[in-house]
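Next comes upload14.pdb, with PDB, N, CA and C atoms.
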```pdb
MODEL        1
ATOM      1  N   MET T   1     114.208  89.397  82.850
ATOM      2  CA  MET T   1     113.834  90.376  83.854
ATOM      3  C   MET T   1     115.039  90.761  84.705
ATOM      4  N   CYS T   2     115.805  89.761  85.096
ATOM      5  CA  CYS T   2     116.938  90.038  85.977
ATOM      6  C   CYS T   2     118.044  90.822  85.284
ATOM      7  N   ALA T   3     118.179  90.659  83.972
ATOM      8  CA  ALA T   3     119.181  91.437  83.248
ATOM      9  C   ALA T   3     118.807  92.913  83.243
ATOM     10  N   GLU T   4     117.515  93.193  83.200
ATOM     11  CA  GLU T   4     117.047  94.580  83.179
ATOM     12  C   GLU T   4     117.044  95.224  84.562
ATOM     13  N   LYS T   5     116.676  94.449  85.568
ATOM     14  CA  LYS T   5     116.588  94.989  86.932
ATOM     15  C   LYS T   5     117.173  93.993  87.926
ATOM     16  N   PRO T   6     118.497  93.967  88.054
ATOM     17  CA  PRO T   6     119.123  93.037  88.999
ATOM     18  C   PRO T   6     118.855  93.491  90.432
ATOM     19  N   GLY T   7     118.875  92.571  91.324
ATOM     20  CA  GLY T   7     118.603  92.896  92.728
ATOM     21  C   GLY T   7     117.262  92.326  93.138
ATOM     22  N   PHE T   8     116.475  93.131  93.804
ATOM     23  CA  PHE T   8     115.162  92.716  94.293
ATOM     24  C   PHE T   8     114.098  93.600  93.655
ATOM     25  N   SER T   9     112.988  93.004  93.233
ATOM     26  CA  SER T   9     111.930  93.821  92.654
ATOM     27  C   SER T   9     110.544  93.284  92.993
ATOM     28  N   PHE T  10     109.588  94.182  92.842
ATOM     29  CA  PHE T  10     108.184  93.868  93.059
ATOM     30  C   PHE T  10     107.455  93.889  91.718
ATOM     31  N   VAL T  11     106.632  92.880  91.472
ATOM     32  CA  VAL T  11     105.643  92.943  90.404
ATOM     33  C   VAL T  11     104.347  93.258  91.139
ATOM     34  N   THR T  12     103.773  94.389  90.833
ATOM     35  CA  THR T  12     102.653  94.904  91.613
ATOM     36  C   THR T  12     101.327  94.764  90.859
ATOM     37  N   PRO T  13     100.227  94.846  91.581
ATOM     38  CA  PRO T  13      98.919  94.787  90.931
ATOM     39  C   PRO T  13      98.553  96.128  90.299
ATOM     40  N   ALA T  14      97.518  96.109  89.499
ATOM     41  CA  ALA T  14      97.085  97.311  88.789
ATOM     42  C   ALA T  14      96.445  98.347  89.707
ATOM     43  N   TRP T  15      95.840  97.916  90.793
ATOM     44  CA  TRP T  15      95.156  98.873  91.654
ATOM     45  C   TRP T  15      96.139  99.646  92.527
ATOM     46  N   ARG T  16      95.735 100.805  92.939
ATOM     47  CA  ARG T  16      96.580 101.690  93.766
ATOM     48  C   ARG T  16      96.012 101.813  95.168
ATOM     49  N   ARG T  17      96.924 102.014  96.127
ATOM     50  CA  ARG T  17      96.545 102.212  97.516
ATOM     51  C   ARG T  17      97.551 103.156  98.162
ATOM     52  N   LYS T  18      97.209 103.695  99.292
ATOM     53  CA  LYS T  18      98.125 104.585 100.009
ATOM     54  C   LYS T  18      98.943 103.777 101.016
ATOM     55  N   PHE T  19     100.116 103.345 100.583
ATOM     56  CA  PHE T  19     101.041 102.633 101.446
ATOM     57  C   PHE T  19     102.253 103.516 101.709
ATOM     58  N   TRP T  20     103.044 103.134 102.686
ATOM     59  CA  TRP T  20     104.231 103.917 103.034
ATOM     60  C   TRP T  20     105.319 103.765 101.986
ATOM     61  N   LEU T  21     105.557 102.549 101.543
ATOM     62  CA  LEU T  21     106.658 102.294 100.615
ATOM     63  C   LEU T  21     106.302 102.655  99.172
ATOM     64  N   HIS T  22     105.077 102.361  98.766
ATOM     65  CA  HIS T  22     104.709 102.559  97.370
ATOM     66  C   HIS T  22     103.198 102.686  97.252
ATOM     67  N   ASP T  23     102.738 103.230  96.149
ATOM     68  CA  ASP T  23     101.299 103.417  95.981
ATOM     69  C   ASP T  23     100.608 102.205  95.349
ATOM     70  N   ARG T  24     101.270 101.079  95.353
ATOM     71  CA  ARG T  24     100.677  99.811  94.923
ATOM     72  C   ARG T  24     101.021  98.744  95.960
ATOM     73  N   ASP T  25     100.267  97.691  95.969
ATOM     74  CA  ASP T  25     100.465  96.610  96.929
ATOM     75  C   ASP T  25     101.789  95.909  96.626
ATOM     76  N   THR T  26     102.661  95.803  97.605
ATOM     77  CA  THR T  26     103.997  95.254  97.369
ATOM     78  C   THR T  26     104.155  93.792  97.754
ATOM     79  N   ASP T  27     103.112  93.164  98.259
ATOM     80  CA  ASP T  27     103.271  91.748  98.617
ATOM     81  C   ASP T  27     102.658  90.817  97.572
ATOM     82  N   PHE T  28     102.417  91.324  96.375
ATOM     83  CA  PHE T  28     101.811  90.523  95.316
ATOM     84  C   PHE T  28     102.814  89.499  94.783
ATOM     85  N   ILE T  29     103.905  89.963  94.195
ATOM     86  CA  ILE T  29     104.978  89.078  93.725
ATOM     87  C   ILE T  29     106.315  89.738  94.043
ATOM     88  N   ASN T  30     107.216  88.971  94.652
ATOM     89  CA  ASN T  30     108.572  89.423  94.933
ATOM     90  C   ASN T  30     109.526  88.628  94.057
ATOM     91  N   LEU T  31     110.525  89.308  93.488
ATOM     92  CA  LEU T  31     111.484  88.670  92.599
ATOM     93  C   LEU T  31     112.895  89.018  93.072
ATOM     94  N   LEU T  32     113.644  88.010  93.484
ATOM     95  CA  LEU T  32     115.033  88.198  93.907
ATOM     96  C   LEU T  32     115.927  87.628  92.823
ATOM     97  N   CYS T  33     116.654  88.487  92.138
ATOM     98  CA  CYS T  33     117.502  88.049  91.026
ATOM     99  C   CYS T  33     118.879  87.589  91.477
ATOM    100  N   LEU T  34     119.339  88.069  92.577
ATOM    101  CA  LEU T  34     120.663  87.697  93.071
ATOM    102  C   LEU T  34     120.512  86.574  94.095
ATOM    103  N   GLY T  35     120.626  85.331  93.628
ATOM    104  CA  GLY T  35     120.437  84.182  94.512
ATOM    105  C   GLY T  35     121.343  84.196  95.731
ATOM    106  N   GLU T  36     122.537  84.746  95.566
ATOM    107  CA  GLU T  36     123.466  84.796  96.704
ATOM    108  C   GLU T  36     122.996  85.764  97.789
ATOM    109  N   GLU T  37     121.994  86.587  97.467
ATOM    110  CA  GLU T  37     121.438  87.528  98.451
ATOM    111  C   GLU T  37     120.200  86.974  99.166
ATOM    112  N   LEU T  38     119.988  85.667  99.066
ATOM    113  CA  LEU T  38     118.854  85.059  99.754
ATOM    114  C   LEU T  38     118.880  85.337 101.265
ATOM    115  N   PRO T  39     120.036  85.313 101.932
ATOM    116  CA  PRO T  39     120.052  85.672 103.359
ATOM    117  C   PRO T  39     119.600  87.127 103.602
ATOM    118  N   THR T  40     119.907  88.027 102.680
ATOM    119  CA  THR T  40     119.454  89.415 102.808
ATOM    120  C   THR T  40     117.939  89.469 102.722
ATOM    121  N   TYR T  41     117.390  88.770 101.740
ATOM    122  CA  TYR T  41     115.929  88.726 101.594
ATOM    123  C   TYR T  41     115.286  88.112 102.839
ATOM    124  N   ALA T  42     115.866  87.019 103.339
ATOM    125  CA  ALA T  42     115.325  86.363 104.539
ATOM    126  C   ALA T  42     115.321  87.319 105.729
ATOM    127  N   GLU T  43     116.377  88.096 105.877
ATOM    128  CA  GLU T  43     116.440  89.061 106.978
ATOM    129  C   GLU T  43     115.428  90.181 106.777
ATOM    130  N   ALA T  44     115.291  90.673 105.560
ATOM    131  CA  ALA T  44     114.350  91.764 105.286
ATOM    132  C   ALA T  44     112.910  91.321 105.507
ATOM    133  N   ILE T  45     112.576  90.136 105.050
ATOM    134  CA  ILE T  45     111.200  89.660 105.118
ATOM    135  C   ILE T  45     110.830  89.153 106.520
ATOM    136  N   ARG T  46     111.827  88.967 107.372
ATOM    137  CA  ARG T  46     111.571  88.494 108.737
ATOM    138  C   ARG T  46     110.646  89.442 109.488
ATOM    139  N   LEU T  47     110.836  90.735 109.339
ATOM    140  CA  LEU T  47     109.991  91.760 109.955
ATOM    141  C   LEU T  47     109.743  92.857 108.920
ATOM    142  N   PRO T  48     109.022  92.551 107.854
ATOM    143  CA  PRO T  48     108.929  93.493 106.735
ATOM    144  C   PRO T  48     108.250  94.818 107.054
ATOM    145  N   MET T  49     107.343  94.848 107.984
ATOM    146  CA  MET T  49     106.599  96.080 108.228
ATOM    147  C   MET T  49     107.166  96.921 109.375
ATOM    148  N   GLU T  50     108.315  96.552 109.879
ATOM    149  CA  GLU T  50     108.915  97.296 110.981
ATOM    150  C   GLU T  50     109.443  98.651 110.521
ATOM    151  N   PRO T  51     109.255  99.690 111.337
ATOM    152  CA  PRO T  51     109.889 100.975 111.038
ATOM    153  C   PRO T  51     111.383 100.895 111.363
ATOM    154  N   CYS T  52     112.133 101.902 110.977
ATOM    155  CA  CYS T  52     113.556 101.974 111.316
ATOM    156  C   CYS T  52     113.744 102.552 112.719
ATOM    157  N   SER T  53     112.798 103.364 113.149
ATOM    158  CA  SER T  53     112.884 104.052 114.430
ATOM    159  C   SER T  53     111.478 104.432 114.873
ATOM    160  N   LYS T  54     111.304 104.648 116.156
ATOM    161  CA  LYS T  54     109.987 105.118 116.608
ATOM    162  C   LYS T  54     109.863 106.637 116.449
ATOM    163  N   TYR T  55     110.942 107.278 115.992
ATOM    164  CA  TYR T  55     110.944 108.722 115.782
ATOM    165  C   TYR T  55     111.057 109.028 114.286
ATOM    166  N   SER T  56     110.268 109.943 113.803
ATOM    167  CA  SER T  56     110.282 110.245 112.362
ATOM    168  C   SER T  56     111.605 110.850 111.907
ATOM    169  N   ALA T  57     112.353 111.461 112.815
ATOM    170  CA  ALA T  57     113.627 112.086 112.451
ATOM    171  C   ALA T  57     114.798 111.104 112.553
ATOM    172  N   GLY T  58     114.520 109.835 112.871
ATOM    173  CA  GLY T  58     115.591 108.852 112.999
ATOM    174  C   GLY T  58     116.265 108.566 111.662
ATOM    175  N   LYS T  59     117.401 107.882 111.720
ATOM    176  CA  LYS T  59     118.149 107.562 110.506
ATOM    177  C   LYS T  59     117.381 106.515 109.702
ATOM    178  N   HIS T  60     117.251 106.782 108.388
ATOM    179  CA  HIS T  60     116.539 105.858 107.525
ATOM    180  C   HIS T  60     117.067 105.969 106.098
ATOM    181  N   PRO T  61     116.878 104.905 105.301
ATOM    182  CA  PRO T  61     117.334 104.948 103.908
ATOM    183  C   PRO T  61     116.398 105.807 103.071
ATOM    184  N   PRO T  62     116.871 106.256 101.915
ATOM    185  CA  PRO T  62     115.969 106.984 101.023
ATOM    186  C   PRO T  62     114.930 106.041 100.428
ATOM    187  N   LEU T  63     113.828 106.588 100.019
ATOM    188  CA  LEU T  63     112.820 105.822  99.299
ATOM    189  C   LEU T  63     113.459 105.362  97.993
ATOM    190  N   PRO T  64     113.327 104.082  97.630
ATOM    191  CA  PRO T  64     113.960 103.625  96.392
ATOM    192  C   PRO T  64     113.476 104.442  95.183
ATOM    193  N   PRO T  65     114.349 104.666  94.204
ATOM    194  CA  PRO T  65     113.975 105.446  93.015
ATOM    195  C   PRO T  65     112.732 104.864  92.333
ATOM    196  N   GLY T  66     111.810 105.732  91.948
ATOM    197  CA  GLY T  66     110.603 105.308  91.259
ATOM    198  C   GLY T  66     109.456 104.905  92.159
ATOM    199  N   PHE T  67     109.697 104.837  93.458
ATOM    200  CA  PHE T  67     108.636 104.470  94.393
ATOM    201  C   PHE T  67     107.891 105.731  94.822
ATOM    202  N   HIS T  68     106.604 105.584  95.074
ATOM    203  CA  HIS T  68     105.748 106.712  95.434
ATOM    204  C   HIS T  68     105.056 106.418  96.758
ATOM    205  N   SER T  69     105.510 107.054  97.804
ATOM    206  CA  SER T  69     104.899 106.853  99.121
ATOM    207  C   SER T  69     103.610 107.656  99.217
ATOM    208  N   GLY T  70     102.545 106.982  99.556
ATOM    209  CA  GLY T  70     101.264 107.652  99.718
ATOM    210  C   GLY T  70     101.044 108.208 101.109
ATOM    211  N   ARG T  71     101.968 107.917 102.020
ATOM    212  CA  ARG T  71     101.807 108.356 103.406
ATOM    213  C   ARG T  71     103.025 109.090 103.948
ATOM    214  N   GLY T  72     103.968 109.372 103.104
ATOM    215  CA  GLY T  72     105.198 110.018 103.573
ATOM    216  C   GLY T  72     106.231 108.969 103.952
ATOM    217  N   TRP T  73     107.494 109.277 103.744
ATOM    218  CA  TRP T  73     108.572 108.318 104.007
ATOM    219  C   TRP T  73     109.526 108.908 105.018
ATOM    220  N   ASP T  74     109.617 108.274 106.178
ATOM    221  CA  ASP T  74     110.578 108.661 107.200
ATOM    222  C   ASP T  74     110.912 107.426 108.025
ATOM    223  N   ALA T  75     111.655 107.599 109.104
ATOM    224  CA  ALA T  75     112.107 106.466 109.906
ATOM    225  C   ALA T  75     110.961 105.713 110.588
ATOM    226  N   LYS T  76     109.807 106.350 110.761
ATOM    227  CA  LYS T  76     108.659 105.687 111.386
ATOM    228  C   LYS T  76     107.791 104.935 110.384
ATOM    229  N   SER T  77     108.098 105.036 109.119
ATOM    230  CA  SER T  77     107.287 104.410 108.082
ATOM    231  C   SER T  77     107.355 102.889 108.146
ATOM    232  N   LEU T  78     106.209 102.273 107.908
ATOM    233  CA  LEU T  78     106.208 100.825 107.774
ATOM    234  C   LEU T  78     107.040 100.466 106.548
ATOM    235  N   TYR T  79     107.719  99.357 106.595
ATOM    236  CA  TYR T  79     108.625  98.848 105.562
ATOM    237  C   TYR T  79     109.985  99.544 105.550
ATOM    238  N   CYS T  80     110.235 100.475 106.436
ATOM    239  CA  CYS T  80     111.533 101.149 106.473
ATOM    240  C   CYS T  80     112.657 100.160 106.750
ATOM    241  N   ARG T  81     112.473  99.285 107.718
ATOM    242  CA  ARG T  81     113.500  98.295 108.042
ATOM    243  C   ARG T  81     113.748  97.367 106.852
ATOM    244  N   PHE T  82     112.682  97.002 106.146
ATOM    245  CA  PHE T  82     112.785  96.158 104.961
ATOM    246  C   PHE T  82     113.709  96.811 103.929
ATOM    247  N   VAL T  83     113.434  98.065 103.600
ATOM    248  CA  VAL T  83     114.251  98.802 102.633
ATOM    249  C   VAL T  83     115.679  98.966 103.158
ATOM    250  N   LYS T  84     115.821  99.278 104.429
ATOM    251  CA  LYS T  84     117.137  99.496 105.031
ATOM    252  C   LYS T  84     118.017  98.246 104.923
ATOM    253  N   THR T  85     117.421  97.073 105.095
ATOM    254  CA  THR T  85     118.184  95.825 105.022
ATOM    255  C   THR T  85     118.825  95.667 103.645
ATOM    256  N   PHE T  86     118.069  95.914 102.585
ATOM    257  CA  PHE T  86     118.635  95.844 101.230
ATOM    258  C   PHE T  86     119.623  96.986 100.987
ATOM    259  N   TYR T  87     119.264  98.171 101.429
ATOM    260  CA  TYR T  87     120.089  99.371 101.214
ATOM    261  C   TYR T  87     121.485  99.182 101.830
ATOM    262  N   GLU T  88     121.540  98.676 103.051
ATOM    263  CA  GLU T  88     122.831  98.494 103.734
ATOM    264  C   GLU T  88     123.700  97.439 103.075
ATOM    265  N   ARG T  89     123.105  96.540 102.314
ATOM    266  CA  ARG T  89     123.856  95.483 101.626
ATOM    267  C   ARG T  89     124.020  95.765 100.129
ATOM    268  N   ASN T  90     123.703  97.012  99.719
ATOM    269  CA  ASN T  90     123.857  97.448  98.328
ATOM    270  C   ASN T  90     123.086  96.588  97.320
ATOM    271  N   VAL T  91     121.895  96.167  97.714
ATOM    272  CA  VAL T  91     121.008  95.433  96.815
ATOM    273  C   VAL T  91     119.922  96.411  96.366
ATOM    274  N   SER T  92     119.851  96.666  95.079
ATOM    275  CA  SER T  92     118.873  97.616  94.544
ATOM    276  C   SER T  92     117.455  97.070  94.647
ATOM    277  N   ILE T  93     116.493  97.980  94.823
ATOM    278  CA  ILE T  93     115.079  97.636  94.882
ATOM    279  C   ILE T  93     114.377  98.338  93.719
ATOM    280  N   TYR T  94     113.584  97.572  92.993
ATOM    281  CA  TYR T  94     112.867  98.086  91.830
ATOM    282  C   TYR T  94     111.395  97.685  91.899
ATOM    283  N   HIS T  95     110.631  98.222  90.976
ATOM    284  CA  HIS T  95     109.285  97.728  90.709
ATOM    285  C   HIS T  95     109.115  97.673  89.196
ATOM    286  N   TRP T  96     108.072  96.982  88.741
ATOM    287  CA  TRP T  96     107.817  96.794  87.311
ATOM    288  C   TRP T  96     106.564  97.530  86.862
ATOM    289  N   ASP T  97     106.155  98.570  87.569
ATOM    290  CA  ASP T  97     104.903  99.265  87.267
ATOM    291  C   ASP T  97     104.802  99.750  85.824
ATOM    292  N   ASP T  98     105.929 100.155  85.239
ATOM    293  CA  ASP T  98     105.902 100.689  83.866
ATOM    294  C   ASP T  98     105.857  99.590  82.802
ATOM    295  N   SER T  99     106.153  98.346  83.188
ATOM    296  CA  SER T  99     106.201  97.247  82.226
ATOM    297  C   SER T  99     105.132  96.181  82.461
ATOM    298  N   TYR T 100     104.956  95.797  83.717
ATOM    299  CA  TYR T 100     104.035  94.722  84.064
ATOM    300  C   TYR T 100     103.245  95.104  85.313
ATOM    301  N   THR T 101     101.972  94.861  85.288
ATOM    302  CA  THR T 101     101.165  94.881  86.511
ATOM    303  C   THR T 101     100.222  93.694  86.420
ATOM    304  N   LEU T 102      99.753  93.244  87.545
ATOM    305  CA  LEU T 102      98.863  92.092  87.602
ATOM    306  C   LEU T 102      97.477  92.537  88.039
ATOM    307  N   ASP T 103      96.486  91.807  87.618
ATOM    308  CA  ASP T 103      95.121  92.116  88.018
ATOM    309  C   ASP T 103      94.328  90.817  88.042
ATOM    310  N   TRP T 104      93.192  90.836  88.705
ATOM    311  CA  TRP T 104      92.307  89.675  88.729
ATOM    312  C   TRP T 104      91.644  89.545  87.364
ATOM    313  N   PRO T 105      91.362  88.321  86.920
ATOM    314  CA  PRO T 105      90.626  88.162  85.661
ATOM    315  C   PRO T 105      89.258  88.846  85.742
ATOM    316  N   SER T 106      88.787  89.328  84.627
ATOM    317  CA  SER T 106      87.503  90.013  84.570
ATOM    318  C   SER T 106      86.407  89.131  85.164
ATOM    319  N   GLY T 107      85.641  89.677  86.092
ATOM    320  CA  GLY T 107      84.541  88.964  86.714
ATOM    321  C   GLY T 107      84.936  88.011  87.827
ATOM    322  N   PHE T 108      86.233  87.876  88.126
ATOM    323  CA  PHE T 108      86.708  86.914  89.120
ATOM    324  C   PHE T 108      86.002  87.084  90.468
ATOM    325  N   LEU T 109      85.936  88.281  90.952
ATOM    326  CA  LEU T 109      85.343  88.500  92.268
ATOM    327  C   LEU T 109      83.816  88.419  92.243
ATOM    328  N   HIS T 110      83.228  88.419  91.077
ATOM    329  CA  HIS T 110      81.767  88.368  90.971
ATOM    330  C   HIS T 110      81.254  86.959  90.737
ATOM    331  N   ASP T 111      82.142  85.977  90.552
ATOM    332  CA  ASP T 111      81.735  84.617  90.231
ATOM    333  C   ASP T 111      81.481  83.749  91.458
ATOM    334  N   PHE T 112      81.684  84.278  92.651
ATOM    335  CA  PHE T 112      81.454  83.499  93.849
ATOM    336  C   PHE T 112      79.969  83.435  94.173
ATOM    337  N   PRO T 113      79.478  82.267  94.648
ATOM    338  CA  PRO T 113      78.040  82.156  94.989
ATOM    339  C   PRO T 113      77.642  83.029  96.149
TER     340      PRO T 113
ENDMDL
END
```
Structure encoded using structure tokens:
Amino acid sequence: MCAEKPGFSFVTPAWRRKFWLHDRDTDFINLLCLGEELPTYAEAIRLPMEPCSKYSAGKHPPLPPGFHSGRGWDAKSLYCRFVKTFYERNVSIYHWDDSYTLDWPSGFLHDFP
């Protein structure tokens, strides 16, 4: 996996939602391929949902390639600071939507008493 997509990536679930960063849930599985960038990940995840600015016209990184924002992407977007932390340190962000998605086993949510 890391040879194909070095940097940081999300393995996302099959279902879709309207999030700022992507149209799938991004806290399902996180994969950091560059072990030396663990401090970058720690800084990004410290306040993952923080915007970059309280103003939509503030300075912000571009939406990572292949990501689909369901709510628009600007400096006020949730996860902007998260993306900015990786962007400023030249760590690429990917997702595996075209190769892998995760889902609950069939009937999982219906098996509870």
Once the PyMOL selection byres (((chain T and resi 40-54 and name CA) around 6) and name CA) has been evaluated on this model, what residues remain selected, and can you format them as number ranges by chain?
T: 37-39, 55, 58, 75-82, 85
Figure out the distance between atom C of T:Pro13 and atom C of T:Asp27, please, to one decimal in Å.
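Distance reported for this atom pair: 9.9 Å.
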Tell me, in Å to one decimal, how far atom N of T:Leu63 is from atom C of T:Asp98.
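Distance reported for this atom pair: 20.2 Å.
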Assuming the chain letters and numbering stay as they are in my file, what does the PyMOL selection byres ((chain T and resi 21) around 6) actually select? List them as a list in words.
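Selected by the PyMOL selection byres ((chain T and resi 21) around 6) here: Phe19, Trp20, His22, Asp23, Phe67, His68, Ser69, Gly70 and Leu78 of chain T.
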Given the choices T:Arg89, T:Lys5, T:His95, T:His60, which gets closest to T:Cys33 if the distance is worked out from all atoms listed in the file?
T:Lys5
Stretch 34-102 of chain T: which residues are helix (DSSP H, G or I) by DSSP, as a PyMOL selection string?
chain T and resi 35-46+80-88
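Computed from the coordinates, the atom CA of T:Asp103 to atom CA of T:Trp15 distance equals 7.7 Å.
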Among listed residues T:Leu34, T:Ile93, T:Ile29, T:Val83, nearest T:Pro65 (using only N, CA and C atoms)
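Closest to T:Pro65 of all the choices is T:Ile93.
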Got a sec to resolve the PyMOL selection byres (((chain T and resi 10 and name CA) around 8) and name CA) on this structure and send the residues as a count of residues only?
13
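Of the residues in stretch 26-88 of chain T, those given strand (DSSP E or B) by DSSP on the backbone are T:Ile29, T:Asn30, T:Leu31, T:Leu32.
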